[in-house]
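Here is upload_4.tsv, consisting of TSV, C-alpha atoms and all ligand atoms:
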chain	number	residue	atom	x	y	z
A	1	MET	CA	0.00	0.00	0.00
A	2	ARG	CA	1.03	3.61	-0.32
A	3	LEU	CA	2.17	5.07	2.98
A	4	GLU	CA	1.16	8.69	3.27
A	5	PRO	CA	1.39	11.42	5.90
A	6	GLY	CA	-1.75	11.62	7.98
A	7	GLN	CA	-2.38	7.87	7.97
A	8	VAL	CA	-2.46	6.07	11.32
A	9	ALA	CA	-0.21	3.26	12.56
A	10	VAL	CA	-0.77	1.23	15.73
A	11	VAL	CA	2.24	-0.56	17.19
A	12	THR	CA	2.10	-2.93	20.16
A	13	GLY	CA	5.23	-3.40	22.22
A	14	ALA	CA	6.12	0.15	21.15
A	15	ALA	CA	7.83	1.29	24.34
A	16	GLY	CA	11.19	-0.17	23.36
A	17	GLY	CA	13.21	-2.32	20.99
A	18	ILE	CA	11.82	-3.13	17.55
A	19	GLY	CA	8.38	-1.65	18.30
A	20	LEU	CA	9.81	1.74	19.20
A	21	ALA	CA	12.01	1.68	16.09
A	22	MET	CA	8.91	1.02	13.96
A	23	ALA	CA	6.95	3.75	15.74
A	24	ARG	CA	9.78	6.24	15.17
A	25	ARG	CA	9.96	5.33	11.52
A	26	PHE	CA	6.19	5.64	10.97
A	27	ALA	CA	6.31	9.04	12.67
A	28	ALA	CA	9.22	10.09	10.45
A	29	GLU	CA	7.07	9.18	7.43
A	30	GLY	CA	4.39	11.57	8.74
A	31	LEU	CA	2.00	8.95	10.10
A	32	LYS	CA	0.11	9.43	13.33
A	33	VAL	CA	1.20	6.71	15.73
A	34	VAL	CA	-0.53	4.85	18.53
A	35	LEU	CA	2.09	3.39	20.87
A	36	ALA	CA	0.76	0.53	22.97
A	37	ASP	CA	2.71	-1.26	25.67
A	38	VAL	CA	2.30	-2.86	29.07
A	39	GLU	CA	5.35	-1.07	30.50
A	40	GLU	CA	4.05	2.31	31.61
A	41	ASP	CA	7.21	4.32	32.32
A	42	ALA	CA	8.97	3.29	29.13
A	43	LEU	CA	5.77	3.98	27.19
A	44	ARG	CA	5.49	7.47	28.65
A	45	GLU	CA	9.08	8.20	27.65
A	46	ALA	CA	8.65	6.85	24.12
A	47	THR	CA	5.43	8.79	23.59
A	48	ALA	CA	7.02	12.00	24.91
A	49	GLU	CA	10.02	11.52	22.63
A	50	LEU	CA	7.95	11.16	19.46
A	51	SER	CA	5.65	13.96	20.48
A	52	ALA	CA	8.64	16.28	21.13
A	53	ASP	CA	9.82	15.46	17.60
A	54	GLY	CA	6.53	16.84	16.29
A	55	ALA	CA	4.62	13.58	15.71
A	56	GLU	CA	0.93	13.17	16.49
A	57	VAL	CA	0.95	10.30	18.95
A	58	LEU	CA	-1.21	8.50	21.44
A	59	GLY	CA	0.42	6.38	24.14
A	60	ARG	CA	-1.79	3.75	25.68
A	61	ARG	CA	-1.08	1.15	28.35
A	62	VAL	CA	-2.28	-2.19	27.02
A	63	ASP	CA	-1.82	-5.79	27.99
A	64	VAL	CA	-2.16	-7.59	24.66
A	65	SER	CA	-2.82	-10.89	26.42
A	66	GLU	CA	-6.16	-9.47	27.59
A	67	ARG	CA	-8.85	-9.21	24.95
A	68	ASP	CA	-10.69	-6.32	26.64
A	69	SER	CA	-7.49	-4.33	26.91
A	70	VAL	CA	-6.88	-4.65	23.15
A	71	LEU	CA	-10.51	-3.86	22.29
A	72	ALA	CA	-10.18	-0.71	24.42
A	73	LEU	CA	-6.96	0.13	22.56
A	74	ALA	CA	-8.84	-0.03	19.25
A	75	ASP	CA	-11.59	2.23	20.63
A	76	ALA	CA	-8.98	4.70	21.86
A	77	ALA	CA	-7.16	4.69	18.50
A	78	TYR	CA	-10.36	5.31	16.51
A	79	ASP	CA	-11.56	7.94	19.01
A	80	ALA	CA	-8.25	9.79	18.76
A	81	PHE	CA	-7.56	9.58	15.04
A	82	GLY	CA	-10.71	8.25	13.33
A	83	ALA	CA	-8.88	5.56	11.35
A	84	VAL	CA	-6.19	2.88	11.48
A	85	HIS	CA	-4.20	1.99	8.36
A	86	VAL	CA	-1.28	-0.03	9.72
A	87	LEU	CA	-1.39	-2.48	12.62
A	88	CYS	CA	1.83	-4.00	13.96
A	89	ASN	CA	1.17	-6.86	16.37
A	90	ASN	CA	4.69	-6.77	17.72
A	91	ALA	CA	4.56	-7.18	21.53
A	92	GLY	CA	6.33	-10.39	22.51
A	93	VAL	CA	8.17	-12.12	25.34
A	94	GLY	CA	10.68	-14.90	25.88
A	95	SER	CA	9.16	-17.60	28.08
A	96	GLY	CA	11.90	-18.15	30.66
A	97	ALA	CA	11.45	-21.92	30.35
A	98	GLU	CA	14.42	-24.10	31.35
A	99	GLY	CA	15.44	-27.64	30.68
A	100	ARG	CA	13.70	-30.35	28.72
A	101	MET	CA	10.16	-29.84	27.48
A	102	TRP	CA	8.72	-32.33	29.92
A	103	GLU	CA	10.27	-30.30	32.75
A	104	HIS	CA	8.83	-26.93	31.67
A	105	GLU	CA	6.39	-25.15	33.92
A	106	PRO	CA	2.93	-24.87	32.41
A	107	ASN	CA	2.99	-21.16	33.32
A	108	ASP	CA	5.99	-20.62	31.01
A	109	TRP	CA	3.82	-21.87	28.15
A	110	LYS	CA	0.71	-20.01	29.29
A	111	TRP	CA	2.49	-16.68	29.61
A	112	ALA	CA	4.35	-16.90	26.30
A	113	PHE	CA	1.19	-18.01	24.49
A	114	SER	CA	-0.90	-15.29	26.16
A	115	VAL	CA	1.34	-12.54	24.76
A	116	ASN	CA	2.91	-13.96	21.60
A	117	VAL	CA	-0.10	-15.84	20.22
A	118	TRP	CA	-3.27	-14.57	21.90
A	119	GLY	CA	-1.89	-11.02	21.75
A	120	VAL	CA	-1.64	-11.21	17.96
A	121	PHE	CA	-5.10	-12.76	17.65
A	122	HIS	CA	-6.59	-10.08	19.91
A	123	GLY	CA	-5.04	-7.40	17.70
A	124	ILE	CA	-6.50	-8.98	14.57
A	125	GLN	CA	-9.98	-9.23	16.10
A	126	ALA	CA	-9.97	-5.72	17.55
A	127	PHE	CA	-8.75	-3.89	14.45
A	128	VAL	CA	-9.18	-5.83	11.22
A	129	PRO	CA	-13.00	-5.65	10.94
A	130	ARG	CA	-12.86	-1.86	11.22
A	131	MET	CA	-9.90	-1.62	8.87
A	132	ILE	CA	-11.82	-3.62	6.25
A	133	ALA	CA	-15.08	-1.71	6.81
A	134	SER	CA	-13.34	1.64	6.26
A	135	GLY	CA	-12.59	0.66	2.65
A	136	ALA	CA	-9.23	2.43	2.97
A	137	PRO	CA	-6.01	0.53	2.20
A	138	GLY	CA	-4.52	-1.11	5.24
A	139	HIS	CA	-1.80	-3.51	6.34
A	140	VAL	CA	-1.19	-5.87	9.27
A	141	VAL	CA	2.35	-6.84	10.30
A	142	ASN	CA	2.73	-9.69	12.79
A	143	THR	CA	6.15	-10.17	14.39
A	144	SER	CA	7.41	-13.75	14.32
A	145	SER	CA	11.05	-14.85	14.61
A	146	GLY	CA	13.49	-17.07	12.77
A	147	ASP	CA	13.34	-19.12	15.99
A	148	GLY	CA	10.21	-21.13	15.33
A	149	GLY	CA	9.07	-19.08	12.36
A	150	ILE	CA	11.68	-20.93	10.29
A	151	ALA	CA	12.85	-23.74	12.57
A	152	PRO	CA	13.05	-24.06	16.34
A	153	LEU	CA	16.06	-23.25	18.44
A	154	PRO	CA	15.61	-26.15	20.87
A	155	THR	CA	17.20	-23.99	23.57
A	156	ALA	CA	14.21	-21.62	23.35
A	157	SER	CA	11.50	-24.00	22.30
A	158	VAL	CA	8.45	-22.48	24.01
A	159	TYR	CA	9.17	-19.17	22.31
A	160	ALA	CA	9.73	-21.05	19.05
A	161	VAL	CA	6.34	-22.75	19.26
A	162	THR	CA	4.62	-19.37	19.75
A	163	LYS	CA	6.48	-17.83	16.82
A	164	ALA	CA	5.61	-20.78	14.55
A	165	ALA	CA	1.98	-20.09	15.48
A	166	VAL	CA	2.38	-16.46	14.41
A	167	VAL	CA	3.50	-17.57	10.93
A	168	THR	CA	0.54	-19.91	10.50
A	169	MET	CA	-1.87	-17.33	11.92
A	170	THR	CA	-0.61	-14.74	9.45
A	171	GLU	CA	-0.78	-17.14	6.48
A	172	SER	CA	-4.38	-17.86	7.44
A	173	LEU	CA	-5.11	-14.15	7.87
A	174	TYR	CA	-3.67	-13.52	4.41
A	175	ALA	CA	-5.96	-16.15	2.89
A	176	HIS	CA	-9.00	-14.76	4.71
A	177	LEU	CA	-8.25	-11.17	3.62
A	178	LYS	CA	-7.89	-12.34	0.00
A	179	ALA	CA	-11.12	-14.36	0.19
A	180	GLU	CA	-12.86	-11.24	1.52
A	181	GLY	CA	-11.48	-9.11	-1.32
A	182	ALA	CA	-10.25	-6.71	1.37
A	183	ASP	CA	-7.82	-3.92	0.57
A	184	VAL	CA	-5.83	-4.92	3.65
A	185	GLY	CA	-2.51	-6.71	3.31
A	186	ALA	CA	-0.75	-9.00	5.78
A	187	SER	CA	2.90	-9.70	6.49
A	188	VAL	CA	4.91	-11.80	8.85
A	189	LEU	CA	8.07	-10.15	10.14
A	190	PHE	CA	11.30	-12.02	10.92
A	191	PRO	CA	13.45	-9.38	12.64
A	192	GLY	CA	17.09	-9.78	11.67
A	193	PRO	CA	18.94	-11.29	9.95
A	194	HIS	CA	21.25	-11.08	12.99
A	195	MET	CA	20.47	-10.73	16.69
A	196	LEU	CA	18.91	-7.56	18.03
A	197	ARG	CA	19.98	-5.47	20.97
A	198	THR	CA	16.58	-5.13	22.65
A	199	GLY	CA	14.91	-5.85	25.96
A	200	LEU	CA	13.76	-9.33	24.91
A	201	TRP	CA	16.33	-11.01	27.15
A	202	GLU	CA	14.75	-9.22	30.11
A	203	SER	CA	11.17	-10.17	29.20
A	204	HIS	CA	10.58	-11.43	32.75
A	205	ARG	CA	10.36	-7.76	33.83
A	206	ASN	CA	6.79	-7.80	32.45
A	207	ARG	CA	5.72	-11.23	33.69
A	208	PRO	CA	2.37	-10.94	35.50
A	209	ASP	CA	1.61	-12.68	38.78
A	210	ARG	CA	-1.10	-14.80	37.19
A	211	TYR	CA	1.60	-16.59	35.18
A	212	ALA	CA	4.30	-16.48	37.87
A	213	LYS	CA	6.89	-19.22	38.04
A	214	GLN	CA	5.91	-21.92	40.52
A	215	ARG	CA	9.49	-22.82	41.43
A	216	PRO	CA	12.79	-20.94	41.41
A	217	ARG	CA	14.93	-21.14	38.30
A	218	LYS	CA	17.87	-23.55	38.38
A	219	THR	CA	20.06	-21.00	36.62
A	220	PRO	CA	19.72	-17.20	36.81
A	221	TYR	CA	18.38	-15.37	33.77
A	222	ARG	CA	21.20	-14.57	31.39
A	223	SER	CA	21.42	-11.02	30.04
A	224	LEU	CA	22.26	-10.28	26.44
A	225	ASP	CA	25.58	-8.76	27.56
A	226	GLN	CA	26.45	-11.95	29.45
A	227	TYR	CA	25.53	-14.06	26.42
A	228	GLU	CA	27.64	-11.86	24.16
A	229	ALA	CA	30.60	-12.05	26.57
A	230	ALA	CA	30.32	-15.87	26.82
A	231	MET	CA	30.20	-16.18	23.03
A	232	LYS	CA	33.22	-13.92	22.69
A	233	GLN	CA	35.13	-16.05	25.16
A	234	ALA	CA	34.25	-19.12	23.09
A	235	GLY	CA	35.66	-17.35	20.04
A	236	HIS	CA	32.36	-16.35	18.41
A	237	GLU	CA	31.62	-12.76	17.51
A	238	VAL	CA	27.89	-12.09	17.89
A	239	ARG	CA	26.53	-10.01	15.03
A	240	PHE	CA	23.69	-7.56	15.56
A	241	THR	CA	21.17	-5.97	13.23
A	242	PRO	CA	20.25	-2.40	14.19
A	243	VAL	CA	16.55	-2.09	15.06
A	244	GLU	CA	16.38	0.81	12.58
A	245	ASP	CA	17.12	-1.70	9.77
A	246	VAL	CA	14.17	-3.83	10.89
A	247	ALA	CA	11.92	-0.76	10.82
A	248	ALA	CA	13.16	0.13	7.32
A	249	HIS	CA	12.46	-3.44	6.18
A	250	VAL	CA	8.91	-3.15	7.51
A	251	ILE	CA	8.27	0.16	5.72
A	252	ASP	CA	9.63	-1.26	2.43
A	253	GLY	CA	7.60	-4.43	2.90
A	254	ILE	CA	4.34	-2.56	3.48
A	255	ARG	CA	4.97	-0.42	0.39
A	256	ALA	CA	5.73	-3.54	-1.67
A	257	ASP	CA	2.88	-5.56	-0.11
A	258	ARG	CA	5.44	-8.23	0.76
A	259	PHE	CA	4.05	-11.09	2.85
A	260	TRP	CA	7.41	-12.52	3.94
A	261	MET	CA	9.31	-9.74	5.68
A	262	LEU	CA	12.33	-12.00	5.76
A	263	PRO	CA	15.65	-10.20	5.28
A	264	GLU	CA	18.17	-11.73	2.90
A	265	SER	CA	20.33	-14.20	4.83
A	266	GLU	CA	22.26	-17.29	3.80
A	267	HIS	CA	21.78	-18.68	7.30
A	268	SER	CA	17.97	-18.40	7.10
A	269	ASP	CA	17.95	-19.83	3.59
A	270	ARG	CA	20.01	-22.82	4.74
A	271	GLN	CA	17.55	-23.44	7.58
A	272	ILE	CA	14.53	-23.18	5.28
A	273	ARG	CA	16.08	-25.57	2.78
A	274	ALA	CA	17.13	-28.08	5.45
A	275	ARG	CA	13.65	-28.16	6.93
A	276	ALA	CA	11.86	-28.31	3.59
A	277	ARG	CA	14.25	-31.02	2.37
A	278	SER	CA	13.66	-33.12	5.47
A	279	MET	CA	9.89	-32.90	4.96
A	280	LEU	CA	10.01	-33.56	1.23
A	281	ASP	CA	12.36	-36.52	1.74
A	282	ARG	CA	10.28	-37.82	4.68
A	283	ALA	CA	13.62	-37.85	6.50
A	284	ASN	CA	14.18	-37.15	10.20
A	285	PRO	CA	15.07	-33.55	11.10
A	286	ALA	CA	18.85	-34.01	11.31
A	287	TYR	CA	19.21	-30.21	11.40
A	288	LEU	CA	17.94	-30.34	15.01
A	289	GLU	CA	20.52	-32.85	16.22
A	290	SER	CA	23.57	-30.60	16.48
A	291	PHE	CA	22.37	-28.35	19.32
A	292	VAL	CA	24.20	-28.32	22.61
A	293	LEU	CA	21.43	-28.80	25.15
A	294	ASP	CA	22.87	-28.81	28.64
B	301	LIG	N1	15.20	-9.28	19.92
B	301	LIG	C1	15.29	-10.27	19.05
B	301	LIG	O1	16.38	-10.82	18.83
B	301	LIG	C2	14.05	-10.72	18.30
B	301	LIG	C3	14.22	-11.63	17.24
B	301	LIG	C4	13.10	-12.08	16.55
B	301	LIG	C5	11.84	-11.62	16.95
B	301	LIG	N2	11.69	-10.74	17.98
B	301	LIG	C6	10.34	-10.29	18.34
B	301	LIG	O2	10.27	-8.89	18.18
B	301	LIG	C7	9.20	-8.39	19.00
B	301	LIG	C8	9.70	-7.18	19.78
B	301	LIG	O3	10.65	-7.62	20.75
B	301	LIG	P1	11.99	-6.83	21.07
B	301	LIG	O4	13.12	-7.67	20.65
B	301	LIG	O5	11.91	-5.44	20.59
B	301	LIG	O6	11.97	-6.91	22.68
B	301	LIG	P2	11.60	-5.78	23.77
B	301	LIG	O7	11.46	-6.50	25.06
B	301	LIG	O8	12.58	-4.67	23.68
B	301	LIG	O9	10.19	-5.25	23.26
B	301	LIG	C9	8.99	-5.94	23.49
B	301	LIG	C10	7.95	-4.96	24.01
B	301	LIG	O10	6.71	-5.66	24.25
B	301	LIG	C11	6.18	-5.17	25.47
B	301	LIG	N3	5.27	-6.18	26.06
B	301	LIG	C12	5.59	-7.33	26.69
B	301	LIG	N4	4.49	-7.94	27.14
B	301	LIG	C13	3.44	-7.18	26.74
B	301	LIG	C14	2.03	-7.29	26.90
B	301	LIG	N5	1.48	-8.32	27.56
B	301	LIG	N6	1.24	-6.33	26.37
B	301	LIG	C15	1.79	-5.27	25.73
B	301	LIG	N7	3.12	-5.10	25.56
B	301	LIG	C16	3.92	-6.05	26.07
B	301	LIG	C17	7.39	-4.91	26.35
B	301	LIG	O11	7.11	-4.03	27.42
B	301	LIG	C18	8.37	-4.32	25.33
B	301	LIG	O12	8.27	-2.90	25.25
B	301	LIG	C19	8.75	-9.55	19.88
B	301	LIG	O13	7.58	-10.12	19.33
B	301	LIG	C20	9.90	-10.52	19.77
B	301	LIG	O14	9.50	-11.83	20.02
B	301	LIG	C21	12.78	-10.28	18.65
Here is the file; what I need is its structure written in the form of C-alpha cells.
Amino acid sequence: MRLEPGQVAVVTGAAGGIGLAMARRFAAEGLKVVLADVEEDALREATAELSADGAEVLGRRVDVSERDSVLALADAAYDAFGAVHVLCNNAGVGSGAEGRMWEHEPNDWKWAFSVNVWGVFHGIQAFVPRMIASGAPGHVVNTSSGDGGIAPLPTASVYAVTKAAVVTMTESLYAHLKAEGADVGASVLFPGPHMLRTGLWESHRNRPDRYAKQRPRKTPYRSLDQYEAAMKQAGHEVRFTPVEDVAAHVIDGIRADRFWMLPESEHSDRQIRARARSMLDRANPAYLESFVLD
C-alpha cells in the first residue's frame, strides 16, 4: 500500500526495541502513531520523545494478552484519530522456560502463548474488521522470529512454538483477507537477519503474577551482555542488526505488499532448505541434532 502522511499506525510493544524503532519510523514518514505497551514508564518516555519530535501520537497502556485491553486500545485509536491503516502486532516475550520440554512449567507456556499468540489474535480481532469496513487501504504486520518461524532453536523451544503459530496465523489471515477481497494486506516479520539489541532477554520484567513461576529457576536469567561475553570467550563474535534496519524493512515491505518480511540471509535460507528437504524426503530432522542442550 502507499504510505502517506496523515495515515495512522498502531504498534504494540512500542515502548522499546523493535516496536519503538517502527513507531519512530512511521512518525518520520508523517503517520500518526498509537504506541501501545504494558510497561508504563517506558511507554510514557517513548510517547514523549515522538511527540517532542513533532509527531501526532497516542500512548496507551495495554496488555495484549487481555482481549478487553486490546478492544479498548482499538476504541482509543479510533476515538483519537478516526482511522487505522497499519497495525503492527509486535509485543512479545521470551518464556523463561528451562530444561527439557517435559520439565517446563505450564505457566511458562501459558504466559508466552498469552502474549505472543493470543496477543496477535486479539489485535486482529480488535482492528481488522474496522480496517476492512473503512474501505481504505490497510496492512497488518505480525512479528514472528526465525526461531520457530523458520525452525526451532531447541534452547528456546516455548518461544519457538509461539512464533511458529504467528507464521501460521498470518498465512491464514492472508488467505482470509484475499477471500474477503479486502484492501488490507498482511505480512509476517522475521526481525534480523542477525540478533537484536533489545529488551527481549529481560522479558521477565513484564511477567504478570497470574503466570508467575511456581518454582525458582535452576540458573539465573542470562542477560544479552552476558551471552555476548560468553560467546566472545568461546571465540564467536555475535553479530547484531540495528533495530532501525528492521523498521526500514517493515516500511519497504508494506509499500511492496510483501508477505514474507524476511531479510536476505544465507543462514535463514540454509535453515529453510534443510527443513523443507527433510519434509520432502520424509527424513528425520537431522538439522535439530547438532544443538548443545545442557
Ligand atoms: N530481539 C530479538 O532478537 C528478536 C528476534 C526475533 C523476533 N523478535 C520479536 O520482536 C518483537 C519485539 O521484541 P523486542 O526484541 O523489541 O523486545 P523488547 O522487550 O525490547 O520489546 C517488546 C515490548 O513488548 C512489550 N510487552 C511485553 N508484554 C506485553 C504485553 N502483555 N502487552 C503489551 N506489551 C507487552 C514490552 O514491554 C516491550 O516494550 C517480539 O515479538 C519478539 O518476540 C525479537
Report as AutoDock Vina command-line options the centre and the edge lengths, in Å to one decimal, of the axis-aligned box holding every listed atom of ligand LIG 301 (chain B), padded by 6 Å on each side.
--center_x 8.8 --center_y -7.5 --center_z 22.1 --size_x 27.1 --size_y 21.2 --size_z 23.0
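Every protein, DNA or RNA residue with an atom at most 10 Å from range 207-210 of chain A, where all atoms listed in the file count and chain neighbours fewer than 4 positions away do not, is listed here: Val93, Gly94, Ser95, Gly96, Asn107, Asp108, Lys110, Trp111, Ala112, Glu202 and Ser203 of chain A.
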Find the residues near ligand LIG 301 (chain B). Use a cut-off of 8 Å, count only C-alpha atoms and all ligand atoms, and write them as a ChimeraX atom specification. /A:12-20,36-39,42-43,61-66,89-94,114-116,119,143-147,159,163,189-192,194-203,206-207,243
Resulting file, chosen residues, C-alpha atoms, as a PDB file, keeping the file's coordinate frame:
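Here's the written file out.pdb:
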ATOM      1  CA  THR A  12       2.100  -2.930  20.160  1.00  0.00           C
ATOM      2  CA  GLY A  13       5.230  -3.400  22.220  1.00  0.00           C
ATOM      3  CA  ALA A  14       6.120   0.150  21.150  1.00  0.00           C
ATOM      4  CA  ALA A  15       7.830   1.290  24.340  1.00  0.00           C
ATOM      5  CA  GLY A  16      11.190  -0.170  23.360  1.00  0.00           C
ATOM      6  CA  GLY A  17      13.210  -2.320  20.990  1.00  0.00           C
ATOM      7  CA  ILE A  18      11.820  -3.130  17.550  1.00  0.00           C
ATOM      8  CA  GLY A  19       8.380  -1.650  18.300  1.00  0.00           C
ATOM      9  CA  LEU A  20       9.810   1.740  19.200  1.00  0.00           C
ATOM     10  CA  ALA A  36       0.760   0.530  22.970  1.00  0.00           C
ATOM     11  CA  ASP A  37       2.710  -1.260  25.670  1.00  0.00           C
ATOM     12  CA  VAL A  38       2.300  -2.860  29.070  1.00  0.00           C
ATOM     13  CA  GLU A  39       5.350  -1.070  30.500  1.00  0.00           C
ATOM     14  CA  ALA A  42       8.970   3.290  29.130  1.00  0.00           C
ATOM     15  CA  LEU A  43       5.770   3.980  27.190  1.00  0.00           C
ATOM     16  CA  ARG A  61      -1.080   1.150  28.350  1.00  0.00           C
ATOM     17  CA  VAL A  62      -2.280  -2.190  27.020  1.00  0.00           C
ATOM     18  CA  ASP A  63      -1.820  -5.790  27.990  1.00  0.00           C
ATOM     19  CA  VAL A  64      -2.160  -7.590  24.660  1.00  0.00           C
ATOM     20  CA  SER A  65      -2.820 -10.890  26.420  1.00  0.00           C
ATOM     21  CA  GLU A  66      -6.160  -9.470  27.590  1.00  0.00           C
ATOM     22  CA  ASN A  89       1.170  -6.860  16.370  1.00  0.00           C
ATOM     23  CA  ASN A  90       4.690  -6.770  17.720  1.00  0.00           C
ATOM     24  CA  ALA A  91       4.560  -7.180  21.530  1.00  0.00           C
ATOM     25  CA  GLY A  92       6.330 -10.390  22.510  1.00  0.00           C
ATOM     26  CA  VAL A  93       8.170 -12.120  25.340  1.00  0.00           C
ATOM     27  CA  GLY A  94      10.680 -14.900  25.880  1.00  0.00           C
ATOM     28  CA  SER A 114      -0.900 -15.290  26.160  1.00  0.00           C
ATOM     29  CA  VAL A 115       1.340 -12.540  24.760  1.00  0.00           C
ATOM     30  CA  ASN A 116       2.910 -13.960  21.600  1.00  0.00           C
ATOM     31  CA  GLY A 119      -1.890 -11.020  21.750  1.00  0.00           C
ATOM     32  CA  THR A 143       6.150 -10.170  14.390  1.00  0.00           C
ATOM     33  CA  SER A 144       7.410 -13.750  14.320  1.00  0.00           C
ATOM     34  CA  SER A 145      11.050 -14.850  14.610  1.00  0.00           C
ATOM     35  CA  GLY A 146      13.490 -17.070  12.770  1.00  0.00           C
ATOM     36  CA  ASP A 147      13.340 -19.120  15.990  1.00  0.00           C
ATOM     37  CA  TYR A 159       9.170 -19.170  22.310  1.00  0.00           C
ATOM     38  CA  LYS A 163       6.480 -17.830  16.820  1.00  0.00           C
ATOM     39  CA  LEU A 189       8.070 -10.150  10.140  1.00  0.00           C
ATOM     40  CA  PHE A 190      11.300 -12.020  10.920  1.00  0.00           C
ATOM     41  CA  PRO A 191      13.450  -9.380  12.640  1.00  0.00           C
ATOM     42  CA  GLY A 192      17.090  -9.780  11.670  1.00  0.00           C
ATOM     43  CA  HIS A 194      21.250 -11.080  12.990  1.00  0.00           C
ATOM     44  CA  MET A 195      20.470 -10.730  16.690  1.00  0.00           C
ATOM     45  CA  LEU A 196      18.910  -7.560  18.030  1.00  0.00           C
ATOM     46  CA  ARG A 197      19.980  -5.470  20.970  1.00  0.00           C
ATOM     47  CA  THR A 198      16.580  -5.130  22.650  1.00  0.00           C
ATOM     48  CA  GLY A 199      14.910  -5.850  25.960  1.00  0.00           C
ATOM     49  CA  LEU A 200      13.760  -9.330  24.910  1.00  0.00           C
ATOM     50  CA  TRP A 201      16.330 -11.010  27.150  1.00  0.00           C
ATOM     51  CA  GLU A 202      14.750  -9.220  30.110  1.00  0.00           C
ATOM     52  CA  SER A 203      11.170 -10.170  29.200  1.00  0.00           C
ATOM     53  CA  ASN A 206       6.790  -7.800  32.450  1.00  0.00           C
ATOM     54  CA  ARG A 207       5.720 -11.230  33.690  1.00  0.00           C
ATOM     55  CA  VAL A 243      16.550  -2.090  15.060  1.00  0.00           C
TER      56      VAL A 243
END
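Pairwise distance (CA of Thr170 in chain A, CA of Met131 in chain A) equals 16.1 Å.
The coordinates place CA of Glu266 in chain A at 22.4 Å from CA of Ile251 in chain A.
Note that CA of Phe113 in chain A and CA of Leu35 in chain A are 21.7 Å apart.
Closest approach to Val140 in chain A among A:Asp252, A:Pro216, A:Ala27, A:Phe259 is made by A:Phe259 (distances from all atoms listed in the file).
Counting all atoms listed in the file, the residue from A:Val33, A:Leu288, A:Val8, A:Ala97 that sits nearest to Pro152 in chain A is A:Leu288.
Shortest separation to Glu4 in chain A among A:Val117, A:Ala21, A:Leu31, A:Met101 occurs at residue A:Leu31, atoms counted being only C-alpha atoms.
Among A:Lys232, A:Arg222, A:His85, A:Arg258, the residue with the shortest atom-to-atom distance to Lys32 in chain A, counting only C-alpha atoms, is A:His85.
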For range 174-185 of chain A, please output as a ChimeraX atom specification all residues within 12 Å (counting all atoms listed in the file; exclusion window: fewer than 4 positions along the same chain). /A:1-2,84-88,124,127-142,167-170,253-260
Given only C-alpha atoms as the counted atoms, nearest of A:Pro193, A:Glu40, A:Val34, A:Arg24 to Asp53 in chain A: A:Arg24
